[in-house]
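In what follows, a structure is listed as structure tokens, so that the remarks can point back to it.
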Amino acid sequence: MTNIGNYEEKYKTFDWSQAREILGYKEGDFLNIGYYCSDRICEQGKGSKLALIWEGMDGTVKKYTFDDIRILSNTYAEYLKSIGIEKGDRVCLFMDKIPDLYISFLGILKLGAIAQPLFSAFGPESLVTRLENAETKVVLTTKKHAFKLRKIKDDLPALEKVVIVEGEPKKMEDYEVLFSLESADKVDKLESFAADLESPSVLHYTSGTTGQPKGALHVHSSIFSQHVTSKWVLDLKEDDVYWCTADPGWVTGTSYGIIGPWSLGVTQCVLDAGFTAERWYKFIADHKVTVWYSAPTAIRMLMKQGKEVVKKFDMSSLRHLCSVGEPLNAEAVIWSEEAYGLPFHDTFWQTETGAMVITNYPGMEIKPGSMGKPFPGIQATVLDLKTHEPVTEPGKVGLIALKPGWPSMFRAYWKKKDIYDSKFIKGWYVCGDRASIDKDGYYWFVGRDDDVINTGGHLVGPFEIESALLEHPAVAESAAVGKPDEINMEVVKAFVSLKPGNEPSDELELSIMNFIRKKLSPLAMPQEIEFVSSLPKTRSGKIMRRVLRAKEWGEEIGDTSTLVDDE
Ligand code: WT7
């Protein structure tokens with residue numbers, strides 16, 4: 001029996017007040033995500049149940065009960081308070097997937113501060129834009145990553161402290177402090193901040209076509225969405241061992257790698273190690289994973305390793321599989337059914353939506369290649385590309401749009417009100433993706449409606465890459481676009497024209513690639529650089545990325561007059 005039961009029935013009868021009931025929240029109750037994910041589970045008598053099974057690169061396994069998570073997150077909250085963190089302050093999490101990341105996330109929320117997770121592979125330039133915009137007060141990091149903050153500290157007047165929670169640098173800067181969860185005095189009792197439904201909780205940065213990344217701000221009541229989607233889409237139950245492969249630097253890793261499962265009191269495991277098919281399968285077998293939430297790029301990498309290797313591991317514990325982040329090809333769904341005896345269920349959502357909005361449900365027929373149907377409580381449509389009226393013809397492509405009002409919807413782009421406002425058209429929130437809806441109500445993803453590059457499920461903004469490219473001494477002008485890639489769907493390709501006195505060469509290509517990798521991140525690094533004498537531009541001088549992109553994809557360039565209209 002699935003948790004959701006009959007989808008059609010649920011879709012017809014559901015309203016968000018039911019999500020509150022399902023979580024056990026009543027009007028006027030105390031609300032705090034940190035409390036709901038630890039203390040409350042303990043109050044339900046599950047304090048000694050395993051909350052986290054963590055496995056490191058070298059195979060070390062650490063286990064934490066809900067009571068451990070409760071006490072250790074209290075300890076973090078108390079420590080942050082002692083160094084001056086107050087309600088509403090931004091505290092950045094910048095570390096690998098170590099236990100401290102999961103625990104301090106809850107600690108920050110218990111204090112009423114705002115958790116700002118940033119992907120640990122980010123370089124100084126990716127960091128500085130996000131920390132500057134958020135006016136982050138404290139960064140929690142590890143020795144391994146602290147050096148990147150040293151490079152940018154002078155540009156961050158609001159940053160008071162960098163707390164190193166693992167390892168000890170030989171020489172400390174005056175703003176650096178050490179904190180060790182192991183040796184800290186444990187805090188058994190803590191009064192969590194009494195959040196209301198609209199109190200800010202998490203700030204996740206996401207990339208757009210123009211300008212620097214935007215911070216999507218979420219609130220404590222997002223938990224209503226995350227709880228009920230975890231229950232009905234991931235189908236999480238009391239005895240499950242759940243594995244979300246996403247990093248909490250991205251929204252999947254917080255909404256479904258912390259909040260959703262723990263608000264249900266479900267045991268989850270984390271693998272903080274690089275990818276190999278064997279390692280992943282062994283992890284599933286060793287910990288008897290039952291529900292697995294992953295991404296198409298990972299699935300394609302597993303497909304590449306073939307079905308034979310699957311047979312070497314006992315993965316009979318698996319019972320439900322879901323995927324997110326990029327289009328899940330029909331072949332991947334069919335392959336997983338053959339390889340694991342279970343299909344991956346595609347789920348569609350965004351940093352901005354905070355929780356799944358269009359998905360395939362356990363028990364509902366999957367049409368391989370489709371993203372499924374809107375979650376109960378989500379009114380979705382596709383809007384005509386020109387008129388922005390809802391499309392009524394089945395199969396016609398439009399812009400995915402959602403009626404605002406579900407609990408986990410972002411409340412702002414941090415200090416970017418105009419961009420936030422521009423996401424709403426005629427009373428709809430427009431996701432920035434194109435899709436069609438078939439006669440049975442299934443959604444089919446077509447592509448993004450902007451120039452954002454989706455590489456391996458991670459969005460990277462062309463503007464951020466182009467700005468960084470211009471800082472390279474040899475680069476005069478540049479354009480970054482996505483080019484097709486067998487595994488990652490898209491990778492970054494940069495078109496570059498050089499300043500006088502520079503000649504194209506393999507060395508220069510490598511030098512530019514490394515320059516971006518170090519400054520921004522490995523994700524943003526162009527996998528190819530094409531040197532050109534000039535870039536296609538509109539009459540007003542704006543670079544026409546779409547012309548370059550179309551060439552990479554072997555598509556018609558189409559109506560370039562629209563590009564002129566974009567000026
Ligand atoms: C963008 C959001 C929240 C999930 C992690 C990414 C693309 C997401 C799908 C899917 C096709 C998808 C869209 C979306 N995307 N899921 N199932 N099929 N595309 O969050 O970084 O905010 O990215 O990822 O383009 O707008 P994000």
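Starting from 1 in every chain, residues are counted up; chains themselves are A, B, ... following the order of the structure tokens, and ligands are numbered from 1 as listed.
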If you count only C-alpha atoms, which residues fall within 12 Å of A:His227, apart from same-chain ones fewer than 2 positions away, as a short mmCIF file (atom, residue, chain, number, x, y, z; two decimals) with all heavy atoms, in the first residue's frame?
```cif
data_model
loop_
_atom_site.label_atom_id
_atom_site.label_comp_id
_atom_site.auth_asym_id
_atom_site.auth_seq_id
_atom_site.Cartn_x
_atom_site.Cartn_y
_atom_site.Cartn_z
N TRP A 16 -4.03 22.65 1.62
CA TRP A 16 -2.81 22.67 2.42
C TRP A 16 -3.06 22.57 3.92
O TRP A 16 -2.14 22.27 4.68
CB TRP A 16 -1.94 23.87 2.06
CG TRP A 16 -1.29 23.65 0.73
CD1 TRP A 16 -1.61 24.25 -0.45
CD2 TRP A 16 -0.24 22.73 0.43
NE1 TRP A 16 -0.83 23.77 -1.47
CE2 TRP A 16 0.03 22.83 -0.95
CE3 TRP A 16 0.51 21.82 1.19
CZ2 TRP A 16 1.01 22.07 -1.59
CZ3 TRP A 16 1.49 21.06 0.56
CH2 TRP A 16 1.73 21.19 -0.81
N GLN A 18 -4.58 20.30 5.21
CA GLN A 18 -4.36 18.87 5.50
C GLN A 18 -2.89 18.54 5.72
O GLN A 18 -2.57 17.62 6.48
CB GLN A 18 -4.90 18.01 4.35
CG GLN A 18 -6.41 18.05 4.24
CD GLN A 18 -6.89 17.28 3.02
OE1 GLN A 18 -6.28 16.30 2.61
NE2 GLN A 18 -7.98 17.73 2.43
N ALA A 19 -2.01 19.29 5.05
CA ALA A 19 -0.58 19.04 5.25
C ALA A 19 -0.21 19.36 6.70
O ALA A 19 0.60 18.68 7.32
CB ALA A 19 0.25 19.88 4.29
N ARG A 20 -0.80 20.43 7.22
CA ARG A 20 -0.54 20.78 8.63
C ARG A 20 -0.99 19.66 9.55
O ARG A 20 -0.29 19.30 10.49
CB ARG A 20 -1.30 22.05 9.01
CG ARG A 20 -0.86 23.25 8.19
CD ARG A 20 -1.63 24.47 8.63
NE ARG A 20 -1.25 25.60 7.79
CZ ARG A 20 -1.54 26.86 8.08
NH1 ARG A 20 -2.22 27.16 9.17
NH2 ARG A 20 -1.17 27.82 7.27
N GLU A 21 -2.19 19.15 9.26
CA GLU A 21 -2.71 18.04 10.08
C GLU A 21 -1.81 16.82 9.99
O GLU A 21 -1.54 16.16 11.00
CB GLU A 21 -4.10 17.62 9.59
CG GLU A 21 -5.23 18.46 10.16
CD GLU A 21 -6.51 18.25 9.38
OE1 GLU A 21 -6.79 17.09 8.97
OE2 GLU A 21 -7.21 19.25 9.14
N ILE A 22 -1.35 16.52 8.78
CA ILE A 22 -0.50 15.34 8.59
C ILE A 22 0.79 15.49 9.40
O ILE A 22 1.27 14.55 10.02
CB ILE A 22 -0.22 15.10 7.09
CG1 ILE A 22 -1.53 14.70 6.40
CG2 ILE A 22 0.86 14.04 6.88
CD1 ILE A 22 -1.47 14.67 4.88
N LEU A 23 1.33 16.71 9.43
CA LEU A 23 2.53 16.95 10.24
C LEU A 23 2.19 16.96 11.73
O LEU A 23 3.07 16.74 12.57
CB LEU A 23 3.17 18.29 9.84
CG LEU A 23 4.44 18.71 10.58
CD1 LEU A 23 5.61 17.79 10.22
CD2 LEU A 23 4.82 20.15 10.28
N GLY A 24 0.93 17.22 12.05
CA GLY A 24 0.54 17.28 13.45
C GLY A 24 0.62 18.69 14.01
O GLY A 24 0.74 18.90 15.21
N TYR A 25 0.55 19.66 13.12
CA TYR A 25 0.64 21.06 13.54
C TYR A 25 -0.77 21.65 13.63
O TYR A 25 -1.60 21.46 12.75
CB TYR A 25 1.45 21.85 12.51
CG TYR A 25 1.43 23.35 12.73
CD1 TYR A 25 2.36 23.96 13.54
CD2 TYR A 25 0.45 24.14 12.11
CE1 TYR A 25 2.34 25.34 13.74
CE2 TYR A 25 0.42 25.51 12.31
CZ TYR A 25 1.35 26.11 13.13
OH TYR A 25 1.33 27.45 13.33
N ILE A 33 11.54 24.37 12.17
CA ILE A 33 11.99 23.19 11.41
C ILE A 33 13.00 22.37 12.24
O ILE A 33 12.94 21.14 12.28
CB ILE A 33 12.60 23.60 10.06
CG1 ILE A 33 11.52 24.16 9.13
CG2 ILE A 33 13.32 22.42 9.40
CD1 ILE A 33 12.03 24.71 7.80
N TYR A 36 11.08 20.41 14.79
CA TYR A 36 10.27 19.35 14.18
C TYR A 36 11.10 18.17 13.68
O TYR A 36 10.62 17.05 13.60
CB TYR A 36 9.42 19.92 13.03
CG TYR A 36 8.02 20.28 13.49
CD1 TYR A 36 7.75 21.53 14.04
CD2 TYR A 36 6.98 19.36 13.43
CE1 TYR A 36 6.49 21.85 14.49
CE2 TYR A 36 5.71 19.68 13.89
CZ TYR A 36 5.48 20.93 14.42
OH TYR A 36 4.23 21.23 14.87
N CYS A 37 12.37 18.47 13.31
CA CYS A 37 13.21 17.40 12.75
C CYS A 37 14.01 16.65 13.82
O CYS A 37 14.72 15.71 13.50
CB CYS A 37 14.16 17.97 11.71
SG CYS A 37 13.30 18.51 10.24
N HIS A 220 9.86 28.96 7.57
CA HIS A 220 9.69 27.74 8.36
C HIS A 220 8.49 26.89 7.93
O HIS A 220 8.52 25.67 8.04
CB HIS A 220 9.63 28.07 9.86
CG HIS A 220 10.99 28.24 10.47
ND1 HIS A 220 11.69 27.21 11.05
CD2 HIS A 220 11.81 29.32 10.52
CE1 HIS A 220 12.86 27.65 11.47
NE2 HIS A 220 12.96 28.93 11.16
N SER A 221 7.42 27.53 7.41
CA SER A 221 6.25 26.72 7.04
C SER A 221 6.50 25.90 5.77
O SER A 221 5.65 25.10 5.37
CB SER A 221 5.00 27.58 6.89
OG SER A 221 5.21 28.64 6.01
N SER A 222 7.68 26.05 5.14
CA SER A 222 8.01 25.18 4.00
C SER A 222 7.91 23.71 4.41
O SER A 222 7.68 22.83 3.58
CB SER A 222 9.41 25.47 3.48
OG SER A 222 10.38 25.02 4.42
N ILE A 223 8.09 23.47 5.70
CA ILE A 223 8.08 22.09 6.18
C ILE A 223 6.76 21.38 5.87
O ILE A 223 6.74 20.16 5.66
CB ILE A 223 8.40 22.03 7.70
CG1 ILE A 223 8.72 20.59 8.14
CG2 ILE A 223 7.28 22.63 8.54
CD1 ILE A 223 9.24 20.47 9.57
N PHE A 224 5.65 22.12 5.77
CA PHE A 224 4.38 21.46 5.43
C PHE A 224 4.49 20.79 4.05
O PHE A 224 4.06 19.66 3.86
CB PHE A 224 3.22 22.47 5.42
CG PHE A 224 3.00 23.16 6.74
CD1 PHE A 224 2.71 24.52 6.80
CD2 PHE A 224 3.08 22.46 7.94
CE1 PHE A 224 2.51 25.16 8.01
CE2 PHE A 224 2.89 23.10 9.17
CZ PHE A 224 2.60 24.46 9.20
N SER A 225 5.07 21.51 3.10
CA SER A 225 5.23 20.95 1.74
C SER A 225 6.24 19.81 1.74
O SER A 225 6.03 18.76 1.13
CB SER A 225 5.75 22.01 0.77
OG SER A 225 4.82 23.03 0.57
N THR A 229 5.20 15.95 0.76
CA THR A 229 5.74 15.40 -0.49
C THR A 229 6.67 14.21 -0.19
O THR A 229 6.71 13.25 -0.94
CB THR A 229 6.51 16.47 -1.31
OG1 THR A 229 7.41 17.16 -0.44
CG2 THR A 229 5.57 17.47 -1.96
N SER A 230 7.40 14.31 0.91
CA SER A 230 8.27 13.17 1.28
C SER A 230 7.41 11.94 1.56
O SER A 230 7.80 10.81 1.28
CB SER A 230 9.10 13.49 2.52
OG SER A 230 9.97 14.55 2.26
N LYS A 231 6.27 12.20 2.14
CA LYS A 231 5.39 11.09 2.49
C LYS A 231 4.72 10.49 1.24
O LYS A 231 4.69 9.28 1.06
CB LYS A 231 4.32 11.63 3.44
CG LYS A 231 3.50 10.57 4.09
CD LYS A 231 2.73 11.14 5.26
CE LYS A 231 1.96 9.99 5.87
NZ LYS A 231 1.86 10.06 7.30
N TRP A 232 4.23 11.34 0.37
CA TRP A 232 3.42 10.85 -0.75
C TRP A 232 4.21 10.55 -2.03
O TRP A 232 3.79 9.73 -2.83
CB TRP A 232 2.30 11.85 -1.06
CG TRP A 232 1.22 11.83 0.00
CD1 TRP A 232 1.14 10.99 1.07
CD2 TRP A 232 0.09 12.71 0.10
NE1 TRP A 232 0.02 11.27 1.82
CE2 TRP A 232 -0.65 12.33 1.24
CE3 TRP A 232 -0.38 13.77 -0.68
CZ2 TRP A 232 -1.83 12.97 1.63
CZ3 TRP A 232 -1.55 14.42 -0.30
CH2 TRP A 232 -2.26 14.02 0.84
N VAL A 233 5.33 11.27 -2.24
CA VAL A 233 6.09 11.03 -3.47
C VAL A 233 7.25 10.07 -3.19
O VAL A 233 7.42 9.07 -3.88
CB VAL A 233 6.61 12.34 -4.09
CG1 VAL A 233 7.35 12.04 -5.39
CG2 VAL A 233 5.45 13.32 -4.34
N LEU A 234 8.02 10.36 -2.14
CA LEU A 234 9.12 9.44 -1.79
C LEU A 234 8.55 8.20 -1.09
O LEU A 234 9.22 7.19 -0.96
CB LEU A 234 10.13 10.14 -0.87
CG LEU A 234 10.84 11.36 -1.47
CD1 LEU A 234 11.68 12.07 -0.41
CD2 LEU A 234 11.70 10.97 -2.66
N ASP A 235 7.30 8.31 -0.66
CA ASP A 235 6.59 7.19 -0.03
C ASP A 235 7.28 6.72 1.25
O ASP A 235 7.25 5.53 1.58
CB ASP A 235 6.46 6.02 -1.04
CG ASP A 235 5.36 5.04 -0.65
OD1 ASP A 235 4.28 5.50 -0.21
OD2 ASP A 235 5.57 3.82 -0.76
N LEU A 236 7.91 7.65 1.98
CA LEU A 236 8.70 7.26 3.16
C LEU A 236 7.80 6.73 4.28
O LEU A 236 6.78 7.33 4.62
CB LEU A 236 9.52 8.44 3.67
CG LEU A 236 10.66 8.89 2.73
CD1 LEU A 236 11.40 10.08 3.32
CD2 LEU A 236 11.62 7.74 2.46
N LYS A 237 8.23 5.62 4.84
CA LYS A 237 7.50 4.97 5.93
C LYS A 237 8.45 4.71 7.10
O LYS A 237 9.68 4.76 6.95
CB LYS A 237 6.92 3.64 5.44
CG LYS A 237 5.84 3.86 4.38
CD LYS A 237 5.34 2.58 3.77
CE LYS A 237 4.37 2.94 2.64
NZ LYS A 237 4.17 1.84 1.71
N SER A 255 15.88 20.18 1.37
CA SER A 255 14.44 19.85 1.43
C SER A 255 14.22 18.35 1.60
O SER A 255 13.35 17.93 2.36
CB SER A 255 13.73 20.30 0.15
OG SER A 255 13.65 21.71 0.09
N TYR A 256 15.03 17.55 0.86
CA TYR A 256 14.83 16.09 0.91
C TYR A 256 16.03 15.31 1.45
O TYR A 256 15.99 14.08 1.49
CB TYR A 256 14.41 15.57 -0.47
CG TYR A 256 13.08 16.17 -0.86
CD1 TYR A 256 13.01 17.19 -1.80
CD2 TYR A 256 11.91 15.78 -0.23
CE1 TYR A 256 11.80 17.79 -2.11
CE2 TYR A 256 10.69 16.37 -0.53
CZ TYR A 256 10.65 17.38 -1.46
OH TYR A 256 9.45 17.98 -1.75
N GLY A 257 17.09 16.05 1.84
CA GLY A 257 18.23 15.37 2.45
C GLY A 257 18.31 15.70 3.92
O GLY A 257 19.19 15.23 4.64
N ILE A 258 17.39 16.56 4.40
CA ILE A 258 17.32 16.87 5.83
C ILE A 258 15.85 16.98 6.27
O ILE A 258 15.35 16.15 7.02
CB ILE A 258 18.08 18.19 6.18
CG1 ILE A 258 19.56 18.11 5.73
CG2 ILE A 258 17.99 18.44 7.69
CD1 ILE A 258 20.38 19.38 6.01
N ILE A 259 15.18 18.02 5.79
CA ILE A 259 13.89 18.39 6.38
C ILE A 259 12.79 17.34 6.17
O ILE A 259 12.16 16.89 7.14
CB ILE A 259 13.40 19.76 5.85
CG1 ILE A 259 14.49 20.83 6.04
CG2 ILE A 259 12.10 20.18 6.55
CD1 ILE A 259 14.18 22.19 5.40
N GLY A 260 12.58 16.94 4.91
CA GLY A 260 11.49 16.00 4.64
C GLY A 260 11.63 14.70 5.44
O GLY A 260 10.76 14.36 6.25
N PRO A 261 12.73 13.96 5.23
CA PRO A 261 12.86 12.67 5.90
C PRO A 261 12.87 12.77 7.43
O PRO A 261 12.24 11.98 8.11
CB PRO A 261 14.19 12.11 5.38
CG PRO A 261 14.91 13.26 4.77
CD PRO A 261 13.85 14.20 4.29
N TRP A 262 13.61 13.75 7.97
CA TRP A 262 13.70 13.84 9.44
C TRP A 262 12.41 14.32 10.06
O TRP A 262 12.10 13.96 11.20
CB TRP A 262 14.90 14.69 9.86
CG TRP A 262 16.18 13.88 9.79
CD1 TRP A 262 16.30 12.54 9.55
CD2 TRP A 262 17.52 14.37 9.98
NE1 TRP A 262 17.62 12.17 9.58
CE2 TRP A 262 18.39 13.26 9.83
CE3 TRP A 262 18.06 15.62 10.24
CZ2 TRP A 262 19.78 13.38 9.95
CZ3 TRP A 262 19.44 15.74 10.36
CH2 TRP A 262 20.29 14.63 10.22
N SER A 263 11.63 15.13 9.35
CA SER A 263 10.34 15.55 9.91
C SER A 263 9.40 14.34 10.02
O SER A 263 8.44 14.36 10.78
CB SER A 263 9.70 16.64 9.06
OG SER A 263 9.22 16.10 7.85
N LEU A 264 9.72 13.30 9.24
CA LEU A 264 8.93 12.06 9.31
C LEU A 264 9.56 11.05 10.27
O LEU A 264 9.04 9.94 10.44
CB LEU A 264 8.84 11.42 7.92
CG LEU A 264 7.86 12.05 6.93
CD1 LEU A 264 8.25 11.69 5.50
CD2 LEU A 264 6.44 11.59 7.21
N GLY A 265 10.70 11.40 10.84
CA GLY A 265 11.39 10.48 11.74
C GLY A 265 11.97 9.28 11.01
O GLY A 265 12.07 8.19 11.58
N VAL A 266 12.38 9.48 9.77
CA VAL A 266 12.91 8.37 8.97
C VAL A 266 14.45 8.35 9.05
O VAL A 266 15.10 9.40 9.05
CB VAL A 266 12.43 8.50 7.50
CG1 VAL A 266 13.24 7.64 6.55
CG2 VAL A 266 10.95 8.15 7.41
N GLY A 354 10.90 25.07 -3.54
CA GLY A 354 11.19 24.53 -2.22
C GLY A 354 10.80 23.08 -2.01
O GLY A 354 11.28 22.44 -1.08
N ALA A 355 9.90 22.59 -2.83
CA ALA A 355 9.45 21.19 -2.73
C ALA A 355 8.96 20.76 -4.11
O ALA A 355 8.75 21.59 -5.01
CB ALA A 355 8.31 21.07 -1.71
N MET A 356 8.78 19.45 -4.25
CA MET A 356 8.33 18.90 -5.53
C MET A 356 6.99 19.50 -5.94
O MET A 356 6.12 19.70 -5.10
CB MET A 356 8.12 17.40 -5.39
CG MET A 356 9.37 16.66 -4.95
SD MET A 356 8.85 15.06 -4.31
CE MET A 356 10.42 14.35 -3.90
N PRO A 407 3.00 26.18 0.59
CA PRO A 407 3.81 26.63 1.74
C PRO A 407 5.30 26.82 1.46
O PRO A 407 5.91 27.73 2.02
CB PRO A 407 3.61 25.52 2.78
CG PRO A 407 2.35 24.83 2.39
CD PRO A 407 2.23 24.96 0.90
N SER A 408 5.91 25.98 0.62
CA SER A 408 7.36 26.05 0.47
C SER A 408 7.80 26.97 -0.66
O SER A 408 8.97 26.96 -1.06
CB SER A 408 7.93 24.66 0.22
OG SER A 408 7.48 24.19 -1.04
#
```
Protein and nucleic residues near ligand 1, 8 Å, only C-alpha atoms and all ligand atoms, as a PyMOL selection string: chain A and resi 206-207+250-252+323-328+346-356+359+371+431-433+445-448+454+457-459
With N, CA, C and O atoms retained, write the just-selected residues as a CSV table (one decimal), in the first residue's frame.
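Just written: out27.csv:
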```csv
chain,number,residue,atom,x,y,z
A,206,THR,N,20.7,30.5,-6.5
A,206,THR,CA,20.4,29.8,-7.8
A,206,THR,C,20.7,30.8,-8.9
A,206,THR,O,20.7,32.0,-8.7
A,207,SER,N,21.1,30.2,-10.0
A,207,SER,CA,21.6,31.1,-11.1
A,207,SER,C,20.5,31.4,-12.1
A,207,SER,O,19.6,30.6,-12.4
A,250,TRP,N,22.8,22.3,-2.4
A,250,TRP,CA,21.7,22.5,-3.3
A,250,TRP,C,20.4,22.2,-2.6
A,250,TRP,O,20.4,21.4,-1.7
A,251,VAL,N,19.3,22.7,-3.2
A,251,VAL,CA,18.0,22.6,-2.4
A,251,VAL,C,17.5,21.1,-2.2
A,251,VAL,O,16.9,20.8,-1.2
A,252,THR,N,17.8,20.2,-3.1
A,252,THR,CA,17.4,18.8,-2.9
A,252,THR,C,18.0,18.3,-1.7
A,252,THR,O,17.3,17.6,-0.9
A,323,SER,N,13.9,10.6,-9.0
A,323,SER,CA,14.9,11.3,-9.6
A,323,SER,C,14.5,12.8,-9.8
A,323,SER,O,13.4,13.1,-9.9
A,324,VAL,N,15.5,13.6,-9.8
A,324,VAL,CA,15.3,15.1,-9.9
A,324,VAL,C,16.4,15.8,-10.5
A,324,VAL,O,17.6,15.4,-10.5
A,325,GLY,N,16.2,17.0,-11.1
A,325,GLY,CA,17.2,17.9,-11.5
A,325,GLY,C,17.4,18.2,-12.9
A,325,GLY,O,17.8,19.3,-13.3
A,326,GLU,N,17.1,17.2,-13.8
A,326,GLU,CA,17.2,17.4,-15.2
A,326,GLU,C,16.2,16.4,-15.8
A,326,GLU,O,15.7,15.5,-15.1
A,327,PRO,N,16.0,16.5,-17.2
A,327,PRO,CA,15.1,15.6,-17.8
A,327,PRO,C,15.6,14.1,-17.6
A,327,PRO,O,16.8,13.8,-17.8
A,328,LEU,N,14.7,13.3,-17.2
A,328,LEU,CA,15.0,11.9,-17.0
A,328,LEU,C,14.5,11.2,-18.3
A,328,LEU,O,13.3,11.1,-18.5
A,346,ASP,N,10.3,10.2,-12.0
A,346,ASP,CA,10.8,11.6,-12.2
A,346,ASP,C,10.0,12.6,-11.3
A,346,ASP,O,8.8,12.5,-11.2
A,347,THR,N,10.8,13.6,-10.8
A,347,THR,CA,10.1,14.6,-10.0
A,347,THR,C,10.6,16.0,-10.5
A,347,THR,O,11.8,16.1,-10.8
A,348,PHE,N,9.8,16.9,-10.7
A,348,PHE,CA,10.2,18.3,-11.2
A,348,PHE,C,9.9,19.3,-10.1
A,348,PHE,O,8.8,19.3,-9.5
A,349,TRP,N,10.9,20.1,-9.8
A,349,TRP,CA,10.7,21.3,-9.0
A,349,TRP,C,12.0,22.1,-9.1
A,349,TRP,O,12.8,21.9,-9.9
A,350,GLN,N,12.1,23.2,-8.2
A,350,GLN,CA,13.2,24.1,-8.3
A,350,GLN,C,13.6,24.6,-7.0
A,350,GLN,O,12.8,24.5,-6.0
A,351,THR,N,14.7,25.3,-6.9
A,351,THR,CA,15.1,26.0,-5.7
A,351,THR,C,13.9,26.9,-5.2
A,351,THR,O,13.6,26.9,-4.0
A,352,GLU,N,13.3,27.6,-6.2
A,352,GLU,CA,12.2,28.5,-5.8
A,352,GLU,C,11.0,27.8,-5.3
A,352,GLU,O,10.3,28.4,-4.5
A,353,THR,N,10.7,26.6,-5.7
A,353,THR,CA,9.5,26.0,-5.3
A,353,THR,C,9.7,25.3,-3.9
A,353,THR,O,8.7,24.9,-3.3
A,354,GLY,N,10.9,25.1,-3.5
A,354,GLY,CA,11.2,24.5,-2.2
A,354,GLY,C,10.8,23.1,-2.0
A,354,GLY,O,11.3,22.4,-1.1
A,355,ALA,N,9.9,22.6,-2.8
A,355,ALA,CA,9.5,21.2,-2.7
A,355,ALA,C,9.0,20.8,-4.1
A,355,ALA,O,8.7,21.6,-5.0
A,356,MET,N,8.8,19.5,-4.3
A,356,MET,CA,8.3,18.9,-5.5
A,356,MET,C,7.0,19.5,-5.9
A,356,MET,O,6.1,19.7,-5.1
A,359,THR,N,5.2,15.6,-10.4
A,359,THR,CA,5.9,14.3,-10.1
A,359,THR,C,5.2,13.1,-10.5
A,359,THR,O,4.0,13.1,-10.8
A,371,MET,N,7.3,13.9,-16.7
A,371,MET,CA,7.6,14.4,-15.4
A,371,MET,C,6.4,14.0,-14.4
A,371,MET,O,6.5,14.2,-13.2
A,431,CYS,N,8.1,29.3,-14.0
A,431,CYS,CA,9.3,28.6,-13.6
A,431,CYS,C,10.5,28.9,-14.5
A,431,CYS,O,11.6,28.7,-14.0
A,432,GLY,N,10.2,29.2,-15.8
A,432,GLY,CA,11.4,29.4,-16.7
A,432,GLY,C,11.7,28.2,-17.5
A,432,GLY,O,12.8,28.1,-18.0
A,433,ASP,N,10.7,27.3,-17.5
A,433,ASP,CA,10.9,26.0,-18.3
A,433,ASP,C,9.8,25.9,-19.2
A,433,ASP,O,8.7,26.3,-19.0
A,445,PHE,N,8.7,17.6,-20.3
A,445,PHE,CA,9.6,18.7,-20.3
A,445,PHE,C,10.2,18.9,-21.7
A,445,PHE,O,10.5,17.9,-22.4
A,446,VAL,N,10.4,20.2,-22.1
A,446,VAL,CA,10.9,20.5,-23.4
A,446,VAL,C,12.3,21.1,-23.3
A,446,VAL,O,13.2,20.7,-24.0
A,447,GLY,N,12.4,22.1,-22.4
A,447,GLY,CA,13.8,22.7,-22.2
A,447,GLY,C,13.6,24.0,-21.4
A,447,GLY,O,12.5,24.4,-21.1
A,448,ARG,N,14.7,24.6,-21.1
A,448,ARG,CA,14.6,25.9,-20.4
A,448,ARG,C,14.2,27.0,-21.3
A,448,ARG,O,14.4,26.9,-22.5
A,454,ASN,N,22.2,23.7,-17.6
A,454,ASN,CA,22.0,22.7,-16.6
A,454,ASN,C,23.0,21.6,-16.8
A,454,ASN,O,22.9,20.8,-17.7
A,457,GLY,N,22.5,18.4,-13.6
A,457,GLY,CA,21.5,18.7,-12.6
A,457,GLY,C,21.9,20.0,-11.8
A,457,GLY,O,21.1,20.4,-10.9
A,458,HIS,N,23.0,20.6,-12.1
A,458,HIS,CA,23.3,21.9,-11.5
A,458,HIS,C,23.2,23.0,-12.4
A,458,HIS,O,23.7,23.0,-13.5
A,459,LEU,N,22.5,24.1,-12.0
A,459,LEU,CA,22.3,25.2,-12.8
A,459,LEU,C,23.5,26.1,-12.7
A,459,LEU,O,24.0,26.4,-11.6
```
At most 10 Å is the cut-off: for each residue in stretch 413-464 of chain A with any atom that close to an atom of stretch 473-487 of chain A, write down the nearest atom pair and the distance in Å rounded to one decimal, counting only C-alpha atoms, chain first then increasing number, as JSON lines.
```
{"residue": "A:Asp451", "atom": "CA", "partner": "A:Val481", "partner_atom": "CA", "distance": 7.2}
{"residue": "A:Val452", "atom": "CA", "partner": "A:Val481", "partner_atom": "CA", "distance": 8.0}
{"residue": "A:Ile453", "atom": "CA", "partner": "A:Gly482", "partner_atom": "CA", "distance": 5.3}
{"residue": "A:Asn454", "atom": "CA", "partner": "A:Gly482", "partner_atom": "CA", "distance": 7.5}
{"residue": "A:Thr455", "atom": "CA", "partner": "A:Gly482", "partner_atom": "CA", "distance": 7.9}
{"residue": "A:Gly456", "atom": "CA", "partner": "A:Ile487", "partner_atom": "CA", "distance": 7.5}
{"residue": "A:Val460", "atom": "CA", "partner": "A:Gly482", "partner_atom": "CA", "distance": 9.4}
{"residue": "A:Gly461", "atom": "CA", "partner": "A:Ala480", "partner_atom": "CA", "distance": 8.6}
{"residue": "A:Pro462", "atom": "CA", "partner": "A:Ala480", "partner_atom": "CA", "distance": 5.1}
{"residue": "A:Phe463", "atom": "CA", "partner": "A:Ala480", "partner_atom": "CA", "distance": 7.7}
{"residue": "A:Glu464", "atom": "CA", "partner": "A:Ala480", "partner_atom": "CA", "distance": 9.2}
```
